[in-house]
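Notes follow once the structure below has been shown.
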Amino acid sequence: MYIMGFWTTFYAIAFYLATLFLVIGLAYRIFQYAKTPAPLKVPTMSAPLTLWGVVIRILSEVVLFKSLFRSNKWIWLFGMLFHGALWIVLLRHLRYFIEPVWTWVVLLQPFGKYGSFIMLFGLLGLLVRRMFVERIRYISVPSDYLMLILLLVIGGSGTMMSFVSSTDIVQFKAFMLGVMYFDWQPIPTDKMLLLHLASVILLMIIFPFSKLLHAPGIFFSPSRNQIDNSREKRHVAPWAIEKFETQGS
Amino acid sequence: MAKAKFDVPAFRPYPVIPVIKSDAMKGNGPYVAKPQMQESLGYPGELIDNWQEVAIDKMGELLKKYRSLRVYLDSCVKCGACTDKCHYMIGTQDPKNMPVARQDLLRQVYRRYYTLAGKWFPKLVGAKDLTKDVLDDWYNYYHQCSQCRRCSVFCPYGIDTADISMAAREILDSVGKGQKYCNEIIAKVYKIGNNLGLPEPALRDTLEGLEEDIKLDTGVDVRLPVDEKGVEVLVITPSADFFAEPHIDGLIGYAKVFHQAGISWTLSSYASEAANFGMFIGSYENMRRVALRIREAALDLKVKRIVFGECGHAWRVAYSFLNTLAGPFDFLDQRYPIPQHICEVTNDLIKKGALKLDKSANDYRRVTFHDSCNVARASRMGNTPGGQFIIPRQIIKATCNHFYDMPEDTIHDATFCCGGGGGVLTDDLIELRVKGALPRMEALKYVVDNYGVTHMAAICAICKSQFTKVLPYYGFQMDQIISVHQLVSDAIILS
Ligand code: SF4
Ligand code: SF4
């Protein structure tokens, strides 16, 4: 029997912990957002009059970054390149988690491979703006730079493995599936891979504690997700009813 | 040209990115409310000893009550898209007037006390202890926000700095550091019934005087009734409409519209104020208390409909919050929207042909329209989204021949605030008000230069007062601001 090496044990456990942090952390934040009432109708007008309208409004923000487009074309462009490419790259990575690999994931591979350059380009654009546009530099704190750098490290090390120092992906897939099915297999110990995985794990852990909460946040933002129907339908928060409209209070 | 102790910003030749001038507007903020005012609103009279502890607890309470606050404080990615969107940033160049930086004043404290990252690594995530300096910054810069929501339109997550300003002011109030202007006005509403402290006999006198003026002017008996029971419509209008210029001409306009349409109506001496400054200070309790007066007046006078006069934030409270705060209004006529805006009423009547209008009466005016922020971004008129932009313009076009819109990025939901909203319409903030008006003044200058515009019409009492004051600083005349219903008043043919 194979005696697990240090790195295999380390990374396997780190993956479990990171997944716990990510899932429980995010679930907690989403629960918190969902249970906190929005006592007043505050959609930014003009707002949709129906639930369907709201769904479309949110989707246009999530998919197209509509407000950002109106607001600043450069940030929109870099943000779009980064997020768009990130999705493709992420989907491409599905091949390490499923067996057999779905056809569309196979077809996606070349796009994902080159998509990483677009992702890096977008990230660099955002970083350069953060450093050189005076107003953005003013509002940035160390974690804002570090977040971009962390993403650049993830993207950079991944791209390196695709194009420069390839790693044993068959072995890596065995490791990943092993982690998922609690049947650990040794991890390839190339430095680039270990760096890549370590930075991904770090990102997973800090996700629920950082501004990455904008991802669930956008769905809960009252200025975007409320229906404009305050005259037609009375909207009162439970705490307001309890405080003002309950007999004896 | 008015005299100023500060430099009035120059018109910018072409749209430029504002440069940062750190601490340009640092200061002690507006006058602080006196103890008895504070207490009549249910707040401590002056800054309490354990303010830090109470402020942090209050923040925690608000985080539990308002999802907006929590989501907004968590979600900002510091993308910077909002940094050049605030008229106060544009006019003052103080970086703390960038919406995100204004939010950060609260966010840094939120992170310090309510997030793990801020508790463990404050430097890393920009978290700060709540010190006296921070509290002073709150007081100063949260009173440099007119709660206009322009930043919210442009933020990818809709983060609304107005909401955060309101929460900050509620925290400041709860530790005993309220703003004199807002809190004094709310106290007056409780005591006398309106912001101006105009008692009932004076109100009656004023209205009688107006009836005489109209009679002299037109030869027709147009009434401005007060406290008449059993009429169709209760009109709730900002008290500035009773005697400030150009507001009063708007009020005359409403009276003529009701007269001509044969709709019986009344004002209420008990609820002789549409404004609700409870919103500006972010206080649900006070906002509710002010709003309930309207419900009581409607019940007492046994009216069937409630109509609001020209007032921006009052319309926000009316349209978006009245049903929440003082509803349900099942005792009113359900065939009409509750409440209704005077522009909706007038526009419907025009469409039905119930008003005879002579547009040429306004031929000496070339008019543009200022979208007031609270109407544009926080409420609606009519049945379709964007009705709040269409309806007032339809009224203007029905009453005058020459109408020109200001540049597209300064109207509709991208409108620039007059610079005086959100509880900053006070002389101790005049520098802020003048500087904050810059982008609107530039847009006005554009239509003046290109289309020979002579007048800017508005549907907000605060906008009208603010422009009357700041137009001269930019080389315009104070009477270039008019009420939309003044145009109606001048064009309407009475019988
Ligand atoms: S636009 Fe929104 S997310 Fe971007 S910096 Fe401003 S508040 Fe933050
Ligand atoms: S709400 Fe208006 S005044 Fe306040 S920060 Fe946003 S843009 Fe500026």
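Chain lettering (A, B, ...) mirrors the order of the structure tokens, residue numbering begins at 1 for each chain separately, and ligand numbering begins at 1 in order of display.
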Near-Ser152 (chain B) list (9 Å; only C-alpha atoms; drop same-chain fewer than 2 positions) as an MDAnalysis selection string:
(chainID A and resid 44 223) or (chainID B and resid 82 99 148:150 154:162)
Which residues, written as a ChimeraX atom specification, have at least one atom at most 6 Å from region 67-73 of chain B, with only C-alpha atoms counted and residues fewer than 2 positions away on the same chain left out?
/A:36-38,217,222 /B:63,75,107,159
Define the interface residues of chain A facing chain B as those within 6 Å, counting only C-alpha atoms, and report them as a ChimeraX atom specification.
/A:36-38,41,44-46,67-68,71-72,136,141-143,211,213-214,217-218,222-223,230,234-236
Skip region 48-62 of chain A itself and residues of its chain fewer than 4 positions away, then list as a PDB file with C-alpha atoms, in the first residue's frame all residues within 6 Å of it, counting only C-alpha atoms.
ATOM      1  CA  LYS A  66     -25.508  46.783 -17.082  1.00  0.00           C
ATOM      2  CA  ASN A 225     -34.270  43.230  -6.363  1.00  0.00           C
ATOM      3  CA  ILE A 227     -40.595  45.257  -7.316  1.00  0.00           C
ATOM      4  CA  ASP A 228     -41.938  48.761  -7.786  1.00  0.00           C
TER       5      ASP A 228
END
Report as a JSON list (two decimals) with all heavy atoms, in the first residue's frame all protein, DNA and RNA residues lying within 10 Å of region 238-245 of chain B, evaluated on only C-alpha atoms, omitting residues in the same chain fewer than 4 positions from it.
[["chain", "number", "residue", "atom", "x", "y", "z"],
["B", 193, "GLY", "N", -47.22, 71.67, 13.10],
["B", 193, "GLY", "CA", -47.87, 71.03, 11.96],
["B", 193, "GLY", "C", -47.13, 71.20, 10.66],
["B", 193, "GLY", "O", -47.44, 70.56, 9.67],
["B", 194, "ASN", "N", -46.15, 72.11, 10.63],
["B", 194, "ASN", "CA", -45.38, 72.24, 9.39],
["B", 194, "ASN", "C", -43.94, 72.67, 9.68],
["B", 194, "ASN", "O", -43.61, 73.12, 10.77],
["B", 194, "ASN", "CB", -46.05, 73.21, 8.42],
["B", 194, "ASN", "CG", -46.34, 74.55, 9.08],
["B", 194, "ASN", "OD1", -45.45, 75.20, 9.60],
["B", 194, "ASN", "ND2", -47.60, 74.92, 9.09],
["B", 195, "ASN", "N", -43.11, 72.55, 8.65],
["B", 195, "ASN", "CA", -41.67, 72.82, 8.78],
["B", 195, "ASN", "C", -41.38, 74.26, 9.14],
["B", 195, "ASN", "O", -40.35, 74.58, 9.72],
["B", 195, "ASN", "CB", -40.97, 72.55, 7.45],
["B", 195, "ASN", "CG", -40.81, 71.08, 7.18],
["B", 195, "ASN", "OD1", -41.30, 70.26, 7.95],
["B", 195, "ASN", "ND2", -40.13, 70.75, 6.11],
["B", 196, "LEU", "N", -42.25, 75.16, 8.71],
["B", 196, "LEU", "CA", -41.94, 76.57, 8.85],
["B", 196, "LEU", "C", -42.46, 77.12, 10.16],
["B", 196, "LEU", "O", -42.24, 78.27, 10.50],
["B", 196, "LEU", "CB", -42.53, 77.34, 7.68],
["B", 196, "LEU", "CG", -41.88, 76.96, 6.36],
["B", 196, "LEU", "CD1", -42.70, 77.46, 5.19],
["B", 196, "LEU", "CD2", -40.47, 77.50, 6.28],
["B", 197, "GLY", "N", -43.19, 76.30, 10.89],
["B", 197, "GLY", "CA", -43.76, 76.78, 12.13],
["B", 197, "GLY", "C", -44.86, 77.79, 11.88],
["B", 197, "GLY", "O", -45.07, 78.73, 12.64],
["B", 198, "LEU", "N", -45.57, 77.61, 10.78],
["B", 198, "LEU", "CA", -46.65, 78.53, 10.40],
["B", 198, "LEU", "C", -47.94, 78.07, 11.09],
["B", 198, "LEU", "O", -48.50, 77.04, 10.73],
["B", 198, "LEU", "CB", -46.82, 78.45, 8.88],
["B", 198, "LEU", "CG", -47.64, 79.49, 8.14],
["B", 198, "LEU", "CD1", -46.94, 80.84, 8.16],
["B", 198, "LEU", "CD2", -47.84, 79.04, 6.69],
["B", 203, "LEU", "N", -51.83, 80.56, 8.45],
["B", 203, "LEU", "CA", -52.06, 79.79, 7.23],
["B", 203, "LEU", "C", -53.36, 80.25, 6.55],
["B", 203, "LEU", "O", -53.40, 80.51, 5.35],
["B", 203, "LEU", "CB", -52.14, 78.30, 7.58],
["B", 203, "LEU", "CG", -52.45, 77.34, 6.44],
["B", 203, "LEU", "CD1", -51.36, 77.38, 5.38],
["B", 203, "LEU", "CD2", -52.60, 75.91, 6.96],
["B", 206, "THR", "N", -52.90, 83.62, 4.92],
["B", 206, "THR", "CA", -52.13, 83.51, 3.69],
["B", 206, "THR", "C", -53.00, 83.02, 2.55],
["B", 206, "THR", "O", -52.97, 83.57, 1.45],
["B", 206, "THR", "CB", -50.98, 82.50, 3.89],
["B", 206, "THR", "OG1", -50.32, 82.82, 5.11],
["B", 206, "THR", "CG2", -50.00, 82.55, 2.76],
["B", 207, "LEU", "N", -53.79, 81.99, 2.83],
["B", 207, "LEU", "CA", -54.60, 81.40, 1.76],
["B", 207, "LEU", "C", -55.67, 82.38, 1.30],
["B", 207, "LEU", "O", -55.94, 82.50, 0.09],
["B", 207, "LEU", "CB", -55.23, 80.09, 2.24],
["B", 207, "LEU", "CG", -54.21, 78.99, 2.55],
["B", 207, "LEU", "CD1", -54.89, 77.77, 3.16],
["B", 207, "LEU", "CD2", -53.43, 78.58, 1.30],
["B", 210, "LEU", "N", -54.13, 84.79, -0.96],
["B", 210, "LEU", "CA", -53.91, 84.22, -2.29],
["B", 210, "LEU", "C", -55.18, 84.21, -3.11],
["B", 210, "LEU", "O", -55.17, 84.50, -4.31],
["B", 210, "LEU", "CB", -53.37, 82.79, -2.17],
["B", 210, "LEU", "CG", -51.92, 82.65, -1.72],
["B", 210, "LEU", "CD1", -51.53, 81.19, -1.63],
["B", 210, "LEU", "CD2", -51.02, 83.38, -2.70],
["B", 249, "ASP", "N", -46.49, 80.11, -6.61],
["B", 249, "ASP", "CA", -47.15, 80.11, -7.92],
["B", 249, "ASP", "C", -47.56, 78.71, -8.33],
["B", 249, "ASP", "O", -48.50, 78.53, -9.09],
["B", 249, "ASP", "CB", -46.20, 80.71, -8.97],
["B", 249, "ASP", "CG", -45.77, 82.12, -8.57],
["B", 249, "ASP", "OD1", -46.65, 82.98, -8.44],
["B", 249, "ASP", "OD2", -44.56, 82.33, -8.36],
["B", 250, "GLY", "N", -46.85, 77.72, -7.81],
["B", 250, "GLY", "CA", -47.24, 76.34, -8.04],
["B", 250, "GLY", "C", -48.54, 76.04, -7.32],
["B", 250, "GLY", "O", -49.46, 75.44, -7.89],
["B", 251, "LEU", "N", -48.61, 76.48, -6.07],
["B", 251, "LEU", "CA", -49.83, 76.25, -5.28],
["B", 251, "LEU", "C", -51.04, 76.88, -5.97],
["B", 251, "LEU", "O", -52.12, 76.27, -6.06],
["B", 251, "LEU", "CB", -49.65, 76.84, -3.87],
["B", 251, "LEU", "CG", -50.85, 76.77, -2.94],
["B", 251, "LEU", "CD1", -51.21, 75.33, -2.60],
["B", 251, "LEU", "CD2", -50.60, 77.56, -1.65],
["B", 252, "ILE", "N", -50.86, 78.09, -6.48],
["B", 252, "ILE", "CA", -51.95, 78.74, -7.21],
["B", 252, "ILE", "C", -52.34, 77.88, -8.40],
["B", 252, "ILE", "O", -53.53, 77.72, -8.72],
["B", 252, "ILE", "CB", -51.52, 80.16, -7.64],
["B", 252, "ILE", "CG1", -51.35, 81.03, -6.39],
["B", 252, "ILE", "CG2", -52.51, 80.77, -8.61],
["B", 252, "ILE", "CD1", -50.74, 82.39, -6.66],
["B", 271, "ALA", "N", -52.08, 68.67, 9.11],
["B", 271, "ALA", "CA", -51.00, 68.10, 8.30],
["B", 271, "ALA", "C", -50.67, 69.10, 7.20],
["B", 271, "ALA", "O", -50.82, 68.81, 6.02],
["B", 271, "ALA", "CB", -51.41, 66.76, 7.73],
["B", 272, "SER", "N", -50.22, 70.27, 7.61],
["B", 272, "SER", "CA", -49.97, 71.34, 6.64],
["B", 272, "SER", "C", -48.54, 71.26, 6.12],
["B", 272, "SER", "O", -47.87, 72.26, 5.95],
["B", 272, "SER", "CB", -50.22, 72.70, 7.28],
["B", 272, "SER", "OG", -49.55, 72.77, 8.53],
["B", 273, "GLU", "N", -48.06, 70.04, 5.92],
["B", 273, "GLU", "CA", -46.68, 69.88, 5.50],
["B", 273, "GLU", "C", -46.52, 68.53, 4.82],
["B", 273, "GLU", "O", -46.86, 67.50, 5.39],
["B", 273, "GLU", "CB", -45.76, 69.92, 6.74],
["B", 273, "GLU", "CG", -44.30, 69.70, 6.44],
["B", 273, "GLU", "CD", -43.75, 70.79, 5.54],
["B", 273, "GLU", "OE1", -43.61, 71.91, 6.02],
["B", 273, "GLU", "OE2", -43.48, 70.51, 4.37],
["B", 274, "ALA", "N", -46.00, 68.56, 3.60],
["B", 274, "ALA", "CA", -45.74, 67.29, 2.91],
["B", 274, "ALA", "C", -44.38, 66.74, 3.27],
["B", 274, "ALA", "O", -44.17, 65.53, 3.29],
["B", 274, "ALA", "CB", -45.83, 67.49, 1.40],
["B", 275, "ALA", "N", -43.45, 67.64, 3.56],
["B", 275, "ALA", "CA", -42.07, 67.22, 3.82],
["B", 275, "ALA", "C", -42.04, 66.24, 4.98],
["B", 275, "ALA", "O", -42.85, 66.30, 5.89],
["B", 275, "ALA", "CB", -41.20, 68.43, 4.14],
["B", 276, "ASN", "N", -41.10, 65.33, 4.93],
["B", 276, "ASN", "CA", -40.94, 64.39, 6.03],
["B", 276, "ASN", "C", -39.44, 64.21, 6.27],
["B", 276, "ASN", "O", -38.80, 63.34, 5.69],
["B", 276, "ASN", "CB", -41.61, 63.06, 5.71],
["B", 276, "ASN", "CG", -41.67, 62.15, 6.92],
["B", 276, "ASN", "OD1", -40.81, 62.23, 7.80],
["B", 276, "ASN", "ND2", -42.66, 61.27, 6.96],
["B", 308, "PHE", "N", -50.51, 64.75, -3.42],
["B", 308, "PHE", "CA", -49.32, 65.47, -2.94],
["B", 308, "PHE", "C", -48.91, 66.57, -3.91],
["B", 308, "PHE", "O", -48.92, 66.37, -5.13],
["B", 308, "PHE", "CB", -48.15, 64.51, -2.74],
["B", 308, "PHE", "CG", -48.17, 63.86, -1.38],
["B", 308, "PHE", "CD1", -49.09, 62.87, -1.10],
["B", 308, "PHE", "CD2", -47.30, 64.27, -0.39],
["B", 308, "PHE", "CE1", -49.15, 62.29, 0.16],
["B", 308, "PHE", "CE2", -47.34, 63.69, 0.87],
["B", 308, "PHE", "CZ", -48.26, 62.71, 1.15],
["B", 309, "GLY", "N", -48.53, 67.70, -3.35],
["B", 309, "GLY", "CA", -48.02, 68.81, -4.15],
["B", 309, "GLY", "C", -46.58, 68.58, -4.58],
["B", 309, "GLY", "O", -46.01, 67.50, -4.36],
["B", 310, "GLU", "N", -45.99, 69.59, -5.19],
["B", 310, "GLU", "CA", -44.65, 69.46, -5.76],
["B", 310, "GLU", "C", -43.60, 69.45, -4.66],
["B", 310, "GLU", "O", -43.24, 70.48, -4.11],
["B", 310, "GLU", "CB", -44.39, 70.64, -6.71],
["B", 310, "GLU", "CG", -45.31, 70.65, -7.93],
["B", 310, "GLU", "CD", -45.01, 71.81, -8.89],
["B", 310, "GLU", "OE1", -44.07, 72.59, -8.62],
["B", 310, "GLU", "OE2", -45.70, 71.92, -9.91],
["B", 311, "CYS", "N", -43.11, 68.27, -4.33],
["B", 311, "CYS", "CA", -42.03, 68.15, -3.34],
["B", 311, "CYS", "C", -41.36, 66.80, -3.55],
["B", 311, "CYS", "O", -42.01, 65.77, -3.53],
["B", 311, "CYS", "CB", -42.59, 68.25, -1.93],
["B", 311, "CYS", "SG", -41.29, 68.17, -0.68],
["B", 312, "GLY", "N", -40.06, 66.84, -3.76],
["B", 312, "GLY", "CA", -39.33, 65.63, -4.14],
["B", 312, "GLY", "C", -39.29, 64.56, -3.08],
["B", 312, "GLY", "O", -39.83, 63.46, -3.25],
["B", 314, "ALA", "N", -40.78, 64.42, -0.29],
["B", 314, "ALA", "CA", -42.12, 64.11, 0.23],
["B", 314, "ALA", "C", -42.79, 63.09, -0.68],
["B", 314, "ALA", "O", -43.49, 62.20, -0.21],
["B", 314, "ALA", "CB", -42.96, 65.38, 0.30],
["B", 460, "CYS", "N", -40.06, 70.33, -6.96],
["B", 460, "CYS", "CA", -39.58, 70.03, -5.61],
["B", 460, "CYS", "C", -39.33, 71.32, -4.86],
["B", 460, "CYS", "O", -38.67, 72.23, -5.37],
["B", 460, "CYS", "CB", -38.29, 69.21, -5.69],
["B", 460, "CYS", "SG", -37.49, 69.03, -4.09],
["B", 461, "ALA", "N", -39.86, 71.40, -3.65],
["B", 461, "ALA", "CA", -39.74, 72.61, -2.85],
["B", 461, "ALA", "C", -38.29, 72.90, -2.51],
["B", 461, "ALA", "O", -37.84, 74.05, -2.52],
["B", 461, "ALA", "CB", -40.57, 72.48, -1.57],
["B", 462, "ILE", "N", -37.54, 71.84, -2.21],
["B", 462, "ILE", "CA", -36.13, 72.05, -1.85],
["B", 462, "ILE", "C", -35.34, 72.53, -3.06],
["B", 462, "ILE", "O", -34.58, 73.48, -2.98],
["B", 462, "ILE", "CB", -35.54, 70.75, -1.25],
["B", 462, "ILE", "CG1", -36.13, 70.52, 0.15],
["B", 462, "ILE", "CG2", -34.02, 70.83, -1.19],
["B", 462, "ILE", "CD1", -35.66, 69.26, 0.85],
["B", 464, "LYS", "N", -36.42, 74.17, -5.54],
["B", 464, "LYS", "CA", -36.78, 75.55, -5.87],
["B", 464, "LYS", "C", -36.07, 76.53, -4.92],
["B", 464, "LYS", "O", -35.52, 77.53, -5.36],
["B", 464, "LYS", "CB", -38.30, 75.74, -5.79],
["B", 464, "LYS", "CG", -39.07, 74.98, -6.87],
["B", 464, "LYS", "CD", -40.58, 75.09, -6.63],
["B", 464, "LYS", "CE", -41.34, 73.95, -7.29],
["B", 464, "LYS", "NZ", -42.75, 73.90, -6.85],
["B", 465, "SER", "N", -36.08, 76.22, -3.63],
["B", 465, "SER", "CA", -35.41, 77.12, -2.68],
["B", 465, "SER", "C", -33.91, 77.15, -2.94],
["B", 465, "SER", "O", -33.28, 78.20, -2.90],
["B", 465, "SER", "CB", -35.65, 76.65, -1.24],
["B", 465, "SER", "OG", -37.02, 76.64, -0.96],
["B", 468, "THR", "N", -33.09, 79.13, -6.13],
["B", 468, "THR", "CA", -33.28, 80.55, -5.90],
["B", 468, "THR", "C", -32.02, 81.14, -5.28],
["B", 468, "THR", "O", -31.58, 82.22, -5.62],
["B", 468, "THR", "CB", -34.48, 80.77, -4.95],
["B", 468, "THR", "OG1", -35.59, 80.08, -5.49],
["B", 468, "THR", "CG2", -34.82, 82.23, -4.83],
["B", 478, "MET", "N", -32.10, 84.68, -9.94],
["B", 478, "MET", "CA", -32.78, 83.79, -9.01],
["B", 478, "MET", "C", -34.18, 83.41, -9.48],
["B", 478, "MET", "O", -34.68, 82.34, -9.15],
["B", 478, "MET", "CB", -32.83, 84.38, -7.60],
["B", 478, "MET", "CG", -33.53, 85.71, -7.49],
["B", 478, "MET", "SD", -33.32, 86.38, -5.82],
["B", 478, "MET", "CE", -34.54, 85.45, -4.93],
["B", 479, "ASP", "N", -34.81, 84.26, -10.30],
["B", 479, "ASP", "CA", -36.19, 83.92, -10.71],
["B", 479, "ASP", "C", -36.22, 83.08, -11.98],
["B", 479, "ASP", "O", -37.27, 82.91, -12.59],
["B", 479, "ASP", "CB", -37.04, 85.18, -10.85],
["B", 479, "ASP", "CG", -36.44, 86.16, -11.83],
["B", 479, "ASP", "OD1", -35.43, 85.80, -12.49],
["B", 479, "ASP", "OD2", -36.95, 87.28, -11.96],
["B", 481, "ILE", "N", -35.79, 79.98, -11.85],
["B", 481, "ILE", "CA", -36.37, 78.70, -11.42],
["B", 481, "ILE", "C", -37.86, 78.92, -11.19],
["B", 481, "ILE", "O", -38.27, 79.88, -10.54],
["B", 481, "ILE", "CB", -35.66, 78.16, -10.15],
["B", 481, "ILE", "CG1", -36.35, 76.90, -9.63],
["B", 481, "ILE", "CG2", -35.60, 79.19, -9.04],
["B", 481, "ILE", "CD1", -36.10, 75.68, -10.47],
["B", 482, "ILE", "N", -38.67, 78.03, -11.75],
["B", 482, "ILE", "CA", -40.13, 78.16, -11.60],
["B", 482, "ILE", "C", -40.75, 76.80, -11.27],
["B", 482, "ILE", "O", -40.14, 75.75, -11.44],
["B", 482, "ILE", "CB", -40.79, 78.71, -12.89],
["B", 482, "ILE", "CG1", -40.39, 77.86, -14.10],
["B", 482, "ILE", "CG2", -40.41, 80.16, -13.11],
["B", 482, "ILE", "CD1", -41.10, 78.25, -15.37],
["B", 483, "SER", "N", -41.99, 76.86, -10.80],
["B", 483, "SER", "CA", -42.74, 75.64, -10.53],
["B", 483, "SER", "C", -43.39, 75.14, -11.81],
["B", 483, "SER", "O", -43.81, 75.96, -12.64],
["B", 483, "SER", "CB", -43.86, 75.93, -9.53],
["B", 483, "SER", "OG", -43.35, 76.43, -8.32]]
Do you know which residues are at most 10 Å from Ala354 (chain B) counting only C-alpha atoms, after dropping those on the same chain fewer than 6 positions away, and could you put them as a list of chain:residue names?
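Contacts, in chain order: B:Val257, B:Gln260, B:Ala261, B:Gly262, B:Thr346, B:Asn347, B:Asp348.
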B:Lys58, B:Lys5, B:His143, B:Lys215 ranked by distance to ligand 2, top pick (using only C-alpha atoms and all ligand atoms)
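Of B:Lys58, B:Lys5, B:His143, B:Lys215, the one nearest ligand 2, counting only C-alpha atoms and all ligand atoms, is B:His143.
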For Val290 (chain B), please output as a list in words all residues within 8 Å (counting only C-alpha atoms; exclusion window: fewer than 5 positions along the same chain).
Ile186, Val189, Tyr190, Asn276 and Gly278 of chain B
List the spatial neighbours of region 194-206 of chain A as a ChimeraX atom specification - criterion: any atom at most 8 Å away, only C-alpha atoms, same-chain residues fewer than 5 positions off excluded.
/A:11,14-15,18-19,21-22,150,153-154,157-158,189
Rank nothing, just name the residue among B:Leu292, B:Leu234, B:Leu432, B:Ile411 nearest to ligand 2, using only C-alpha atoms and all ligand atoms.
B:Leu432
Backbone-only DSSP, alpha helix (DSSP H) members of region 24-222 of chain A, as a PyMOL selection string:
chain A and resi 24-35+51-64+66-71+73-92+103-132+134-139+142-163+169-180+191-206+214-220+222
Could you find all residues in region 300-362 of chain B that DSSP calls strand (DSSP E or B) from the backbone, and write them as a ChimeraX atom specification?
/B:305-308,340-341,357
Rounded to one decimal, what separation in Å do you get between CA of Tyr142 (chain B) and CA of Gly42 (chain B)?
20.6 Å
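Note that CA of Val89 (chain A) and atom 4 (Fe, counted along the ligand's line) of ligand 1 are 24.6 Å apart.
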